[in-house]
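Student: Next comes my_file27.cif, mmCIF, C-alpha atoms:
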```cif
data_upload
#
loop_
_atom_site.label_atom_id
_atom_site.label_comp_id
_atom_site.auth_asym_id
_atom_site.auth_seq_id
_atom_site.Cartn_x
_atom_site.Cartn_y
_atom_site.Cartn_z
CA MET A 838 -26.67 -18.23 -15.32
CA LEU A 839 -24.23 -15.39 -15.88
CA GLU A 840 -25.66 -11.96 -15.18
CA PRO A 841 -25.14 -8.99 -17.53
CA GLY A 842 -22.67 -6.42 -16.27
CA VAL A 843 -21.19 -8.74 -13.63
CA LEU A 844 -17.54 -9.78 -13.54
CA THR A 845 -17.23 -13.53 -12.93
CA LEU A 846 -14.03 -15.32 -11.87
CA ALA A 847 -14.09 -19.05 -12.55
CA ALA A 848 -11.77 -21.76 -11.27
CA THR A 849 -10.62 -24.17 -13.95
CA PRO A 850 -9.27 -27.75 -13.55
CA ILE A 851 -5.68 -27.97 -12.33
CA GLY A 852 -5.10 -31.12 -14.36
CA ASN A 853 -8.03 -33.43 -14.90
CA PRO A 854 -10.71 -31.75 -17.07
CA LEU A 855 -13.37 -33.93 -15.41
CA ASP A 856 -12.97 -31.71 -12.32
CA ALA A 857 -14.69 -28.87 -14.19
CA SER A 858 -17.94 -27.81 -12.57
CA VAL A 859 -21.27 -27.58 -14.35
CA ARG A 860 -21.29 -23.87 -13.50
CA LEU A 861 -17.94 -23.38 -15.27
CA MET A 862 -19.22 -25.15 -18.37
CA ARG A 863 -22.36 -23.02 -18.48
CA ALA A 864 -20.36 -19.86 -17.87
CA LEU A 865 -18.08 -20.62 -20.80
CA GLU A 866 -21.13 -21.05 -23.02
CA GLN A 867 -22.92 -17.93 -21.81
CA ALA A 868 -20.10 -15.36 -21.52
CA ASP A 869 -20.12 -12.40 -23.90
CA LEU A 870 -16.40 -11.89 -23.22
CA ILE A 871 -13.92 -14.46 -21.90
CA ALA A 872 -10.60 -13.13 -20.64
CA ALA A 873 -8.20 -16.08 -20.73
CA GLU A 874 -4.61 -16.30 -19.48
CA ASP A 875 -3.75 -18.51 -22.47
CA THR A 876 -6.27 -18.71 -25.31
CA ARG A 877 -4.75 -21.95 -26.59
CA ARG A 878 -5.22 -23.67 -23.24
CA LEU A 879 -8.75 -22.34 -23.13
CA ALA A 880 -9.41 -23.89 -26.54
CA ARG A 881 -8.09 -27.26 -25.29
CA LEU A 882 -10.27 -27.05 -22.16
CA VAL A 883 -13.38 -26.13 -24.16
CA GLY A 884 -12.69 -29.05 -26.50
CA ALA A 885 -12.21 -31.50 -23.62
CA LEU A 886 -15.44 -30.33 -22.00
CA GLU A 887 -17.31 -30.42 -25.31
CA VAL A 888 -18.84 -26.99 -24.76
CA GLU A 889 -19.28 -24.24 -27.33
CA THR A 890 -18.27 -20.65 -26.68
CA THR A 891 -20.06 -17.87 -28.54
CA GLY A 892 -18.52 -14.83 -26.85
CA ARG A 893 -15.42 -12.88 -27.74
CA ILE A 894 -12.16 -14.33 -26.37
CA LEU A 895 -9.48 -11.95 -25.13
CA SER A 896 -5.92 -12.80 -24.13
CA TYR A 897 -5.46 -11.60 -20.53
CA HIS A 898 -2.15 -12.39 -18.80
CA GLU A 899 0.46 -10.79 -16.54
CA HIS A 900 2.10 -8.87 -19.39
CA ASN A 901 -1.06 -7.18 -20.70
CA GLU A 902 -3.31 -7.28 -17.63
CA ALA A 903 -2.84 -3.58 -16.82
CA GLU A 904 -3.79 -2.29 -20.27
CA ARG A 905 -6.59 -4.78 -20.96
CA THR A 906 -8.41 -4.32 -17.67
CA SER A 907 -10.01 -1.20 -19.16
CA VAL A 908 -11.39 -3.36 -21.99
CA LEU A 909 -13.11 -5.58 -19.43
CA LEU A 910 -14.53 -2.56 -17.60
CA ASP A 911 -15.88 -1.10 -20.84
CA ALA A 912 -17.57 -4.42 -21.63
CA LEU A 913 -19.08 -4.59 -18.14
CA ALA A 914 -20.34 -1.01 -18.46
CA ALA A 915 -22.04 -2.03 -21.72
CA GLY A 916 -23.84 -4.84 -19.90
CA ASP A 917 -21.70 -7.73 -21.15
CA ARG A 918 -21.27 -10.94 -19.17
CA VAL A 919 -17.50 -11.01 -18.56
CA LEU A 920 -15.70 -14.18 -17.46
CA ILE A 921 -12.05 -14.46 -16.34
CA VAL A 922 -10.31 -17.84 -16.45
CA THR A 923 -6.65 -18.75 -16.03
CA ASP A 924 -4.61 -21.78 -17.08
CA ALA A 925 -5.45 -23.70 -13.91
CA GLY A 926 -7.14 -23.02 -10.60
CA MET A 927 -8.58 -19.75 -9.34
CA PRO A 928 -7.89 -16.41 -11.04
CA VAL A 929 -6.18 -13.77 -8.83
CA VAL A 930 -4.31 -16.37 -6.68
CA SER A 931 -0.80 -16.29 -8.22
CA ASP A 932 -2.59 -15.63 -11.53
CA PRO A 933 -4.07 -12.64 -13.40
CA GLY A 934 -7.34 -11.13 -12.24
CA PHE A 935 -6.58 -8.91 -9.25
CA ARG A 936 -6.43 -5.69 -11.28
CA ALA A 937 -9.83 -6.44 -12.81
CA VAL A 938 -11.39 -7.20 -9.43
CA ARG A 939 -9.96 -4.02 -7.92
CA ALA A 940 -11.07 -1.90 -10.87
CA ALA A 941 -14.55 -3.45 -10.86
CA ALA A 942 -14.94 -2.88 -7.13
CA ASP A 943 -13.83 0.76 -7.50
CA ALA A 944 -16.35 1.23 -10.31
CA GLY A 945 -19.18 -0.29 -8.29
CA VAL A 946 -19.41 -3.36 -10.54
CA ARG A 947 -20.46 -6.60 -8.87
CA VAL A 948 -17.88 -9.40 -8.77
CA THR A 949 -18.81 -13.05 -8.29
CA VAL A 950 -16.84 -16.30 -8.18
CA ILE A 951 -17.41 -19.81 -9.50
CA PRO A 952 -15.37 -21.94 -7.06
CA GLY A 953 -13.54 -25.07 -8.06
CA PRO A 954 -10.18 -26.88 -8.09
CA SER A 955 -7.31 -25.49 -6.01
CA ALA A 956 -3.71 -26.70 -6.14
CA VAL A 957 -3.10 -25.17 -2.71
CA LEU A 958 -5.91 -27.06 -0.98
CA THR A 959 -5.32 -30.27 -2.94
CA ALA A 960 -1.65 -30.38 -1.96
CA LEU A 961 -2.40 -29.41 1.63
CA ALA A 962 -5.04 -32.13 2.02
CA ALA A 963 -2.73 -34.82 0.61
CA SER A 964 0.46 -33.70 2.36
CA GLY A 965 -0.11 -35.35 5.73
CA ILE A 966 0.91 -32.06 7.36
CA ALA A 967 -1.39 -30.25 9.80
CA PRO A 968 -3.91 -28.24 7.72
CA ASP A 969 -5.77 -26.44 10.53
CA ARG A 970 -3.73 -23.23 10.15
CA PHE A 971 -1.78 -22.48 6.99
CA THR A 972 -0.35 -19.63 4.95
CA PHE A 973 0.04 -19.48 1.17
CA GLU A 974 3.40 -17.96 0.20
CA GLY A 975 3.15 -18.22 -3.61
CA PHE A 976 6.33 -18.51 -5.69
CA PRO A 977 9.64 -17.88 -3.86
CA PRO A 978 11.99 -15.39 -5.56
CA ARG A 979 14.01 -16.87 -8.42
CA ARG A 980 17.42 -15.54 -7.42
CA GLU A 981 19.20 -17.37 -4.62
CA GLY A 982 20.00 -14.29 -2.53
CA ARG A 983 16.48 -12.92 -2.71
CA ARG A 984 15.02 -16.36 -2.08
CA THR A 985 17.12 -16.75 1.05
CA SER A 986 16.09 -13.29 2.25
CA ALA A 987 12.43 -14.18 1.71
CA LEU A 988 12.62 -17.57 3.44
CA GLU A 989 14.68 -16.69 6.52
CA PRO A 990 11.95 -14.52 8.15
CA LEU A 991 9.56 -17.49 7.79
CA ALA A 992 11.74 -19.82 9.87
CA GLY A 993 9.67 -19.13 13.00
CA GLU A 994 6.27 -19.28 11.25
CA GLN A 995 4.17 -21.80 13.20
CA ARG A 996 1.49 -22.23 10.52
CA THR A 997 1.89 -24.77 7.72
CA MET A 998 3.32 -23.01 4.64
CA VAL A 999 2.34 -23.72 1.03
CA PHE A 1000 4.53 -22.66 -1.90
CA PHE A 1001 4.31 -22.90 -5.69
CA GLU A 1002 7.50 -23.58 -7.65
CA SER A 1003 8.75 -24.22 -11.15
CA PRO A 1004 10.13 -27.75 -11.66
CA ARG A 1005 13.39 -26.20 -12.91
CA ARG A 1006 13.94 -24.39 -9.61
CA THR A 1007 12.52 -26.98 -7.22
CA ALA A 1008 15.89 -28.51 -6.24
CA ALA A 1009 17.43 -25.10 -5.51
CA THR A 1010 14.37 -23.95 -3.56
CA LEU A 1011 14.25 -27.09 -1.43
CA ALA A 1012 17.96 -26.64 -0.65
CA SER A 1013 17.28 -23.03 0.39
CA MET A 1014 14.35 -24.15 2.55
CA ALA A 1015 16.45 -26.83 4.23
CA GLU A 1016 19.02 -24.18 5.08
CA ALA A 1017 16.50 -21.58 6.26
CA PHE A 1018 14.08 -23.87 8.15
CA GLY A 1019 16.41 -26.73 9.05
CA PRO A 1020 16.89 -30.04 7.18
CA GLN A 1021 14.70 -31.97 9.65
CA ARG A 1022 11.56 -29.87 9.05
CA PRO A 1023 8.71 -32.13 7.75
CA ALA A 1024 7.54 -31.28 4.24
CA ALA A 1025 5.80 -32.68 1.18
CA LEU A 1026 6.36 -32.17 -2.53
CA ALA A 1027 3.25 -32.53 -4.70
CA ARG A 1028 3.51 -32.56 -8.48
CA GLU A 1029 1.17 -33.11 -11.40
CA LEU A 1030 -1.85 -32.92 -9.09
CA THR A 1031 -4.98 -34.66 -10.45
CA LYS A 1032 -3.04 -35.73 -13.58
CA THR A 1033 -2.02 -39.22 -14.71
CA TYR A 1034 1.41 -39.05 -13.08
CA GLU A 1035 0.37 -37.34 -9.85
CA GLU A 1036 2.94 -37.83 -7.10
CA ILE A 1037 3.11 -36.81 -3.43
CA VAL A 1038 6.53 -37.24 -1.80
CA ARG A 1039 6.73 -36.79 1.98
CA GLY A 1040 9.80 -36.48 4.16
CA THR A 1041 12.08 -33.90 5.70
CA LEU A 1042 13.29 -30.88 3.75
CA GLY A 1043 16.76 -32.39 3.73
CA GLU A 1044 15.47 -35.64 2.23
CA LEU A 1045 13.33 -33.86 -0.36
CA ALA A 1046 16.22 -31.58 -1.34
CA GLU A 1047 18.54 -34.57 -1.81
CA ARG A 1048 15.92 -36.40 -3.86
CA ALA A 1049 15.35 -33.37 -6.09
CA ARG A 1050 19.10 -33.09 -6.69
CA GLU A 1051 19.32 -36.71 -7.79
CA THR A 1052 16.00 -37.07 -9.67
CA GLU A 1053 14.68 -34.62 -12.24
CA VAL A 1054 11.48 -32.93 -11.08
CA LEU A 1055 8.80 -32.74 -13.78
CA GLY A 1056 5.42 -31.05 -13.89
CA GLU A 1057 3.80 -28.30 -11.84
CA VAL A 1058 4.97 -28.32 -8.23
CA VAL A 1059 3.48 -27.44 -4.85
CA ILE A 1060 5.65 -27.59 -1.72
CA VAL A 1061 4.02 -27.92 1.70
CA VAL A 1062 6.22 -27.20 4.73
CA SER A 1063 5.33 -27.86 8.35
CA GLY A 1064 5.29 -24.85 10.63
CA ALA A 1065 7.93 -24.29 13.29
CA GLU A 1066 7.44 -25.86 16.70
CA PRO A 1067 6.44 -23.25 19.30
CA VAL A 1068 9.29 -22.18 21.56
CA ALA A 1069 8.40 -22.13 25.23
CA ALA A 1070 9.06 -18.77 26.90
CA SER A 1071 11.27 -18.56 29.97
CA ALA A 1072 10.97 -16.25 32.94
CA GLU A 1073 13.95 -14.32 31.57
CA ASP A 1074 12.06 -13.78 28.32
CA LEU A 1075 8.99 -12.43 30.12
CA VAL A 1076 10.45 -10.25 32.84
CA GLU A 1077 10.81 -7.18 30.59
CA GLN A 1078 7.11 -7.46 29.74
CA VAL A 1079 6.31 -7.58 33.45
CA LEU A 1080 8.48 -4.56 34.26
CA ALA A 1081 6.96 -2.55 31.40
CA ARG A 1082 3.45 -3.12 32.75
CA VAL A 1083 4.55 -2.26 36.28
CA ALA A 1084 6.12 0.96 34.98
CA ALA A 1085 2.78 1.75 33.35
CA GLY A 1086 1.07 1.62 36.76
CA GLU A 1087 0.02 -2.00 37.37
CA ARG A 1088 0.81 -3.85 40.61
CA LEU A 1089 3.76 -6.24 40.36
CA LYS A 1090 1.92 -9.06 42.10
CA ASP A 1091 -1.08 -8.80 39.76
CA VAL A 1092 1.08 -8.63 36.64
CA THR A 1093 3.20 -11.66 37.52
CA LYS A 1094 0.07 -13.73 38.18
CA ASP A 1095 -1.46 -12.62 34.88
CA VAL A 1096 1.65 -13.29 32.79
CA ALA A 1097 2.34 -16.67 34.47
CA LYS A 1098 -1.24 -17.74 33.80
CA ALA A 1099 -0.76 -17.14 30.07
CA HIS A 1100 2.46 -19.21 29.85
CA ASP A 1101 2.64 -22.87 30.83
CA GLY A 1102 5.60 -23.81 32.99
CA ILE A 1103 6.15 -20.28 34.33
CA SER A 1104 5.46 -19.63 38.00
CA ALA A 1105 4.23 -16.29 39.30
CA SER A 1106 6.66 -16.44 42.24
CA GLU A 1107 9.64 -16.96 39.92
CA LEU A 1108 8.59 -13.98 37.81
CA TYR A 1109 7.99 -11.90 40.93
CA ASP A 1110 11.43 -12.61 42.41
CA LEU A 1111 13.17 -12.00 39.07
CA ALA A 1112 11.34 -8.71 38.55
CA LEU A 1113 12.29 -7.54 42.06
CA SER A 1114 15.95 -8.37 41.47
CA ARG A 1115 15.90 -6.45 38.18
CA LYS A 1116 14.30 -3.42 39.84
CA ARG A 1117 17.03 -3.30 42.46
#
```
Can you present the structure in this file as structure tokens?
Tutor:
Amino acid sequence: MLEPGVLTLAATPIGNPLDASVRLMRALEQADLIAAEDTRRLARLVGALEVETTGRILSYHEHNEAERTSVLLDALAAGDRVLIVTDAGMPVVSDPGFRAVRAAADAGVRVTVIPGPSAVLTALAASGIAPDRFTFEGFPPRREGRRTSALEPLAGEQRTMVFFESPRRTAATLASMAEAFGPQRPAALARELTKTYEEIVRGTLGELAERARETEVLGEVVIVVSGAEPVAASAEDLVEQVLARVAAGERLKDVTKDVAKAHDGISASELYDLALSRKR
């Protein structure tokens, strides 16, 4: 049951309305004020779920989020049960809601979440790419130059990376990724998740980029990219670290043992001899 004066964020289905939780359905029925990213999509969802809303419905999207957050805060202060929903998935994550959460927290208003469908986790689970450590990078910049500048620093990222993208820009983005991360980097393209025409395409970035150039990409897209392989350090890479610690007062013999222990394939004696030659 929704509590008066509490801001509730609710995840909505990312495609299939049957993924809606019972808590979401009850929240839609009980809310005094529903802030929706797109009121027309909300109406379609409510119809598909066969629930009846009795509260006020307010349009709340990226273009009016700043000005309408105060409306939500006023409603919360009056004891209303306020619910935020977006077109699909969890509010705040690449969707409106952050300003309201921040404002509510600053005002001492309790914030709670109704969990549910996630395009990020759905794509990650189906990708066949290691999910144990991952980073969500959202939408890459639209312009090619800015996109390249944003992707290049991620080339050495060892965690799996998850991106959202528009179908219109998917081919260009995959080409940029192939250039920044290398065409042989494993990746997966997931589109229309949980919908009738759901598709998961796995391959290298080069293969996915070529496929996107030749075949029109339709529907909402999530791109999952494997992290970079770790690069083994050499004694040459580590000797400056050793010398810096020696300069700070540690014994050379102790430092070389410590550093070698932390790096497979590096011997303490090799580091010791190299450090001595550098000191001379």
Student: In Å, how far is it from atom CA of A:Thr923 to atom CA of A:Ser896?
Tutor: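 Result for atom CA of A:Thr923 versus atom CA of A:Ser896: 10.1 Å, one decimal.
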Student: Report, in Å to a single decimal, how far apart atom CA of A:Phe1000 and atom CA of A:Leu855 are.
Tutor: 25.1 Å
Student: So, counting all atoms listed in the file, which residue among A:Glu1073, A:Asp932, A:Asp869, A:Glu1044 is closest to A:Ser1104?
Tutor: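 Among the listed residues, A:Glu1073 lies closest to A:Ser1104.
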Student: Give me, please, the distance in Å between atom CA of A:Gly1064 and atom CA of A:Val999, quoted to one decimal.
Tutor: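 Distance reported for this atom pair: 10.1 Å.
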Student: List every protein, DNA or RNA residue that has an atom no more than 9 Å from (-17.7, -20.7, -18.5) in the file's coordinate frame, counting only C-alpha atoms, and report them as a PyMOL selection string.
Tutor: chain A and resi 839+847+859-868+871+883+888+890+920-922
Student: Sorted by chain and rising residue number, list the residues of stretch 975-1081 of chain A at most 10 Å from stretch 946-970 of chain A (counting only C-alpha atoms), each with its closest atom pair and distance in Å to one decimal, as CSV.
Tutor:
```
residue,atom,partner,partner_atom,distance
A:Gly975,CA,A:Val957,CA,9.4
A:Gln995,CA,A:Arg970,CA,8.6
A:Arg996,CA,A:Arg970,CA,5.3
A:Thr997,CA,A:Arg970,CA,6.3
A:Met998,CA,A:Arg970,CA,9.0
A:Val999,CA,A:Val957,CA,6.8
A:Phe1000,CA,A:Val957,CA,8.1
A:Phe1001,CA,A:Val957,CA,8.3
A:Pro1023,CA,A:Ile966,CA,7.8
A:Ala1024,CA,A:Ile966,CA,7.4
A:Ala1025,CA,A:Ser964,CA,5.6
A:Leu1026,CA,A:Ser964,CA,7.8
A:Ala1027,CA,A:Ala960,CA,6.0
A:Arg1028,CA,A:Ala960,CA,8.6
A:Glu1029,CA,A:Ala956,CA,9.6
A:Leu1030,CA,A:Ala956,CA,7.1
A:Thr1031,CA,A:Thr959,CA,8.7
A:Ile1037,CA,A:Ser964,CA,7.1
A:Val1038,CA,A:Ser964,CA,8.2
A:Arg1039,CA,A:Ser964,CA,7.0
A:Gly1040,CA,A:Ser964,CA,9.9
A:Glu1057,CA,A:Ala956,CA,9.6
A:Val1058,CA,A:Ala956,CA,9.1
A:Val1059,CA,A:Ala960,CA,6.6
A:Ile1060,CA,A:Ala960,CA,7.8
A:Val1061,CA,A:Leu961,CA,6.6
A:Val1062,CA,A:Ile966,CA,7.7
A:Ser1063,CA,A:Ile966,CA,6.2
A:Gly1064,CA,A:Ala967,CA,8.6
```
Student: Translate the PyMOL selection byres ((chain A and resi 849) around 6), as applied to the file shown, into an explicit residue set as a list in words.
Tutor: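 Listing what the PyMOL selection byres ((chain A and resi 849) around 6) selects in the shown file: Ala848, Pro850, Ala925 and Gly926 of chain A.
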Student: Given all atoms listed in the file as the basis, pick out the residue of A:Gly1102, A:Pro928, A:Gly916, A:Gly892 nearest to A:Ile851.
Tutor: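 Looking at the shortest contact to A:Ile851, the residue is A:Pro928.
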Student: Using the chain letters and numbers from this file, what does the PyMOL selection byres ((chain A and resi 1016) around 12) select? Give the answer as a VMD selection string.
Tutor: chain A and resid 981 984 to 986 988 to 989 991 to 992 1009 to 1015 1017 to 1022 1041 to 1043 1046
Student: Please report, as AutoDock Vina command-line options, the centre and edge lengths in Å to one decimal of an axis-aligned box covering all listed atoms of stretch 879-891 of chain A with 4 Å per side.
Tutor:
```
--center_x -14.1 --center_y -24.7 --center_z -25.3 --size_x 20.0 --size_y 21.6 --size_z 14.5
```
Student: Any chance you could work out the residue set of the PyMOL selection byres ((chain A and resi 919) around 8) here, as JSON, numbers by chain?
Tutor: {"A": [841, 842, 843, 844, 845, 868, 869, 870, 871, 872, 909, 912, 913, 917, 918, 920, 921]}
Student: Could you rebuild stretch 916-937 of chain A with N, CA and C atoms and give it back as a PDB file, keeping the file's coordinate frame?
Tutor:
```
ATOM      1  N   GLY A 916     -22.911  -3.777 -20.272  1.00  0.00           N
ATOM      2  CA  GLY A 916     -23.840  -4.840 -19.900  1.00  0.00           C
ATOM      3  C   GLY A 916     -23.427  -6.227 -20.313  1.00  0.00           C
ATOM      4  N   ASP A 917     -22.158  -6.405 -20.736  1.00  0.00           N
ATOM      5  CA  ASP A 917     -21.700  -7.730 -21.150  1.00  0.00           C
ATOM      6  C   ASP A 917     -21.474  -8.640 -19.948  1.00  0.00           C
ATOM      7  N   ARG A 918     -21.585  -9.930 -20.186  1.00  0.00           N
ATOM      8  CA  ARG A 918     -21.270 -10.940 -19.170  1.00  0.00           C
ATOM      9  C   ARG A 918     -19.799 -11.315 -19.362  1.00  0.00           C
ATOM     10  N   VAL A 919     -18.960 -10.871 -18.422  1.00  0.00           N
ATOM     11  CA  VAL A 919     -17.500 -11.010 -18.560  1.00  0.00           C
ATOM     12  C   VAL A 919     -17.010 -12.115 -17.625  1.00  0.00           C
ATOM     13  N   LEU A 920     -16.231 -13.030 -18.196  1.00  0.00           N
ATOM     14  CA  LEU A 920     -15.700 -14.180 -17.460  1.00  0.00           C
ATOM     15  C   LEU A 920     -14.177 -14.167 -17.523  1.00  0.00           C
ATOM     16  N   ILE A 921     -13.519 -14.343 -16.378  1.00  0.00           N
ATOM     17  CA  ILE A 921     -12.050 -14.460 -16.340  1.00  0.00           C
ATOM     18  C   ILE A 921     -11.693 -15.894 -15.957  1.00  0.00           C
ATOM     19  N   VAL A 922     -10.837 -16.520 -16.768  1.00  0.00           N
ATOM     20  CA  VAL A 922     -10.310 -17.840 -16.450  1.00  0.00           C
ATOM     21  C   VAL A 922      -8.793 -17.822 -16.639  1.00  0.00           C
ATOM     22  N   THR A 923      -8.100 -18.643 -15.886  1.00  0.00           N
ATOM     23  CA  THR A 923      -6.650 -18.750 -16.030  1.00  0.00           C
ATOM     24  C   THR A 923      -6.312 -20.179 -16.464  1.00  0.00           C
ATOM     25  N   ASP A 924      -5.025 -20.469 -16.578  1.00  0.00           N
ATOM     26  CA  ASP A 924      -4.610 -21.780 -17.080  1.00  0.00           C
ATOM     27  C   ASP A 924      -5.082 -22.918 -16.171  1.00  0.00           C
ATOM     28  N   ALA A 925      -5.060 -22.667 -14.871  1.00  0.00           N
ATOM     29  CA  ALA A 925      -5.450 -23.700 -13.910  1.00  0.00           C
ATOM     30  C   ALA A 925      -5.767 -23.056 -12.577  1.00  0.00           C
ATOM     31  N   GLY A 926      -6.817 -23.533 -11.915  1.00  0.00           N
ATOM     32  CA  GLY A 926      -7.140 -23.020 -10.600  1.00  0.00           C
ATOM     33  C   GLY A 926      -7.880 -21.695 -10.639  1.00  0.00           C
ATOM     34  N   MET A 927      -7.801 -20.975  -9.530  1.00  0.00           N
ATOM     35  CA  MET A 927      -8.580 -19.750  -9.340  1.00  0.00           C
ATOM     36  C   MET A 927      -7.841 -18.514  -9.838  1.00  0.00           C
ATOM     37  N   PRO A 928      -8.484 -17.694 -10.675  1.00  0.00           N
ATOM     38  CA  PRO A 928      -7.890 -16.410 -11.040  1.00  0.00           C
ATOM     39  C   PRO A 928      -7.558 -15.606  -9.776  1.00  0.00           C
ATOM     40  N   VAL A 929      -6.631 -14.675  -9.907  1.00  0.00           N
ATOM     41  CA  VAL A 929      -6.180 -13.770  -8.830  1.00  0.00           C
ATOM     42  C   VAL A 929      -5.102 -14.425  -7.967  1.00  0.00           C
ATOM     43  N   VAL A 930      -5.257 -15.717  -7.591  1.00  0.00           N
ATOM     44  CA  VAL A 930      -4.310 -16.370  -6.680  1.00  0.00           C
ATOM     45  C   VAL A 930      -3.091 -16.836  -7.476  1.00  0.00           C
ATOM     46  N   SER A 931      -2.027 -16.054  -7.430  1.00  0.00           N
ATOM     47  CA  SER A 931      -0.800 -16.290  -8.220  1.00  0.00           C
ATOM     48  C   SER A 931      -1.114 -16.330  -9.710  1.00  0.00           C
ATOM     49  N   ASP A 932      -2.167 -15.676 -10.133  1.00  0.00           N
ATOM     50  CA  ASP A 932      -2.590 -15.630 -11.530  1.00  0.00           C
ATOM     51  C   ASP A 932      -3.229 -14.271 -11.799  1.00  0.00           C
ATOM     52  N   PRO A 933      -3.423 -13.920 -13.073  1.00  0.00           N
ATOM     53  CA  PRO A 933      -4.070 -12.640 -13.400  1.00  0.00           C
ATOM     54  C   PRO A 933      -5.491 -12.562 -12.852  1.00  0.00           C
ATOM     55  N   GLY A 934      -5.970 -11.341 -12.673  1.00  0.00           N
ATOM     56  CA  GLY A 934      -7.340 -11.130 -12.240  1.00  0.00           C
ATOM     57  C   GLY A 934      -7.504 -10.070 -11.168  1.00  0.00           C
ATOM     58  N   PHE A 935      -6.445  -9.853 -10.358  1.00  0.00           N
ATOM     59  CA  PHE A 935      -6.580  -8.910  -9.250  1.00  0.00           C
ATOM     60  C   PHE A 935      -6.892  -7.493  -9.730  1.00  0.00           C
ATOM     61  N   ARG A 936      -6.193  -7.046 -10.785  1.00  0.00           N
ATOM     62  CA  ARG A 936      -6.430  -5.690 -11.280  1.00  0.00           C
ATOM     63  C   ARG A 936      -7.891  -5.512 -11.712  1.00  0.00           C
ATOM     64  N   ALA A 937      -8.442  -6.527 -12.363  1.00  0.00           N
ATOM     65  CA  ALA A 937      -9.830  -6.440 -12.810  1.00  0.00           C
ATOM     66  C   ALA A 937     -10.791  -6.383 -11.633  1.00  0.00           C
TER      67      ALA A 937
END
```
